[in-house]
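Trainee: Supplied structure: run11.pdb, PDB, C-alpha atoms.
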MODEL        1
ATOM      1  CA  MET A   1      15.187  -5.099   0.930
ATOM      2  CA  ILE A   2      14.969  -8.570  -0.563
ATOM      3  CA  SER A   3      14.831  -9.379  -4.238
ATOM      4  CA  VAL A   4      13.250 -12.637  -5.408
ATOM      5  CA  ARG A   5      12.951 -14.213  -8.846
ATOM      6  CA  LEU A   6       9.590 -15.860  -9.355
ATOM      7  CA  PRO A   7       8.557 -18.350 -11.998
ATOM      8  CA  LYS A   8       6.672 -16.608 -14.800
ATOM      9  CA  ASP A   9       3.371 -18.336 -13.990
ATOM     10  CA  MET A  10       3.552 -17.234 -10.348
ATOM     11  CA  GLU A  11       4.412 -13.687 -11.384
ATOM     12  CA  ASN A  12       1.430 -13.675 -13.755
ATOM     13  CA  ARG A  13      -0.887 -14.892 -10.996
ATOM     14  CA  ILE A  14       0.305 -12.144  -8.634
ATOM     15  CA  ASN A  15      -0.037  -9.542 -11.375
ATOM     16  CA  ASN A  16      -3.587 -10.676 -12.164
ATOM     17  CA  LEU A  17      -4.588 -10.725  -8.513
ATOM     18  CA  ALA A  18      -3.117  -7.280  -7.920
ATOM     19  CA  LYS A  19      -4.871  -5.895 -10.964
ATOM     20  CA  SER A  20      -8.265  -7.411 -10.128
ATOM     21  CA  THR A  21      -8.149  -6.255  -6.495
ATOM     22  CA  GLN A  22      -6.369  -2.961  -7.108
ATOM     23  CA  ARG A  23      -3.848  -3.788  -4.419
ATOM     24  CA  PRO A  24      -0.082  -3.676  -4.846
ATOM     25  CA  LYS A  25       1.719  -6.909  -5.652
ATOM     26  CA  SER A  26       3.808  -6.404  -2.523
ATOM     27  CA  PHE A  27       0.655  -6.686  -0.384
ATOM     28  CA  PHE A  28       0.025 -10.253  -1.549
ATOM     29  CA  ILE A  29       3.672 -11.238  -1.365
ATOM     30  CA  LYS A  30       3.923  -9.955   2.228
ATOM     31  CA  GLU A  31       0.685 -11.707   3.210
ATOM     32  CA  ALA A  32       1.781 -14.995   1.672
ATOM     33  CA  LEU A  33       5.196 -14.822   3.307
ATOM     34  CA  ALA A  34       3.764 -13.892   6.718
ATOM     35  CA  ASN A  35       1.385 -16.878   6.605
ATOM     36  CA  TYR A  36       4.120 -19.229   5.440
ATOM     37  CA  LEU A  37       6.552 -18.073   8.116
ATOM     38  CA  GLU A  38       3.938 -18.511  10.829
ATOM     39  CA  ASP A  39       3.228 -22.055   9.628
ATOM     40  CA  MET A  40       6.937 -22.913   9.461
ATOM     41  CA  GLU A  41       7.600 -21.487  12.936
ATOM     42  CA  ASP A  42       4.749 -23.590  14.315
ATOM     43  CA  TYR A  43       6.002 -26.676  12.467
ATOM     44  CA  TYR A  44       9.554 -26.377  13.782
ATOM     45  CA  ASP A  45       8.289 -25.621  17.290
ATOM     46  CA  VAL A  46       6.290 -28.868  17.193
ATOM     47  CA  LEU A  47       9.318 -30.805  15.910
ATOM     48  CA  GLN A  48      11.481 -29.401  18.678
ATOM     49  CA  ARG A  49       8.896 -30.311  21.323
ATOM     50  CA  LYS A  50       8.401 -33.778  19.796
ATOM     51  CA  ASN A  51      12.116 -34.514  20.015
ATOM     52  CA  SER A  52      12.561 -33.034  23.489
ATOM     53  CA  LYS A  53      13.687 -35.431  26.207
ATOM     54  CA  SER A  54      11.718 -33.469  28.803
ATOM     55  CA  ARG A  55       8.325 -33.603  27.098
ATOM     56  CA  GLU A  56       5.407 -34.969  29.046
ATOM     57  CA  ILE A  57       3.069 -37.376  27.283
ATOM     58  CA  ILE A  58      -0.492 -37.800  28.517
ATOM     59  CA  SER A  59      -3.179 -40.266  27.548
ATOM     60  CA  LEU A  60      -6.287 -39.380  25.566
ATOM     61  CA  GLU A  61      -8.351 -39.883  28.712
ATOM     62  CA  GLU A  62      -6.159 -37.408  30.626
ATOM     63  CA  LEU A  63      -6.532 -34.890  27.798
ATOM     64  CA  LYS A  64     -10.327 -35.290  27.726
ATOM     65  CA  SER A  65     -10.452 -34.878  31.474
ATOM     66  CA  ALA A  66      -8.276 -31.761  31.320
ATOM     67  CA  ILE A  67     -10.561 -30.093  28.761
ATOM     68  CA  ASP A  68     -13.813 -31.376  30.309
ATOM     69  CA  VAL A  69     -15.053 -33.492  27.390
TER      70      VAL A  69
ENDMDL
END
Could you express the structure from this file as structure tokens?

Mentor:
Amino acid sequence: MISVRLPKDMENRINNLAKSTQRPKSFFIKEALANYLEDMEDYYDVLQRKNSKSREIISLEELKSAIDV
């Protein structure tokens, strides 16, 4: 279980959304967090690959050829 303090305006927005959709507030909080975590995992994966000494860099022409464009 995690407890989080939200700014009042954010809390109001979640409350309004929950009320208008008749879904629990936790549904929207879980959805938002899942999307954010996925984005952050992708971001840090890209950073790690970018900084890797073993990465292979190809030209735009090689990429186009590889995907048949």

Trainee: For a test of reading the model, state the distance in Å between CA of Ser65 in chain A and CA of Tyr44 in chain A, rounded to one decimal.

Mentor: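 Here the two named atoms are 28.0 Å from each other.
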
Trainee: I want to know what sits within 12 Å of range 21-35 of chain A, based on all atoms listed in the file, with residues of the same chain fewer than 3 positions away left out; could you give that as a PDB file with C-alpha atoms, keeping the file's coordinate frame?

Mentor:
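What landed in selection.pdb:
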ATOM      1  CA  MET A   1      15.187  -5.099   0.930  1.00  0.00           C
ATOM      2  CA  ILE A   2      14.969  -8.570  -0.563  1.00  0.00           C
ATOM      3  CA  SER A   3      14.831  -9.379  -4.238  1.00  0.00           C
ATOM      4  CA  VAL A   4      13.250 -12.637  -5.408  1.00  0.00           C
ATOM      5  CA  LEU A   6       9.590 -15.860  -9.355  1.00  0.00           C
ATOM      6  CA  MET A  10       3.552 -17.234 -10.348  1.00  0.00           C
ATOM      7  CA  GLU A  11       4.412 -13.687 -11.384  1.00  0.00           C
ATOM      8  CA  ASN A  12       1.430 -13.675 -13.755  1.00  0.00           C
ATOM      9  CA  ARG A  13      -0.887 -14.892 -10.996  1.00  0.00           C
ATOM     10  CA  ILE A  14       0.305 -12.144  -8.634  1.00  0.00           C
ATOM     11  CA  ASN A  15      -0.037  -9.542 -11.375  1.00  0.00           C
ATOM     12  CA  ASN A  16      -3.587 -10.676 -12.164  1.00  0.00           C
ATOM     13  CA  LEU A  17      -4.588 -10.725  -8.513  1.00  0.00           C
ATOM     14  CA  ALA A  18      -3.117  -7.280  -7.920  1.00  0.00           C
ATOM     15  CA  GLU A  38       3.938 -18.511  10.829  1.00  0.00           C
ATOM     16  CA  ASP A  39       3.228 -22.055   9.628  1.00  0.00           C
ATOM     17  CA  MET A  40       6.937 -22.913   9.461  1.00  0.00           C
ATOM     18  CA  GLU A  41       7.600 -21.487  12.936  1.00  0.00           C
ATOM     19  CA  ASP A  42       4.749 -23.590  14.315  1.00  0.00           C
TER      20      ASP A  42
END

Trainee: Please return the centre and edge lengths, in Å to one decimal, of a box with edges along x, y and z that contains all listed atoms of range 41-54 of chain A, widened by 5 Å on every side, as JSON.

Mentor:
{"center_x": 9.2, "center_y": -28.5, "center_z": 20.6, "size_x": 18.9, "size_y": 23.9, "size_z": 26.3}
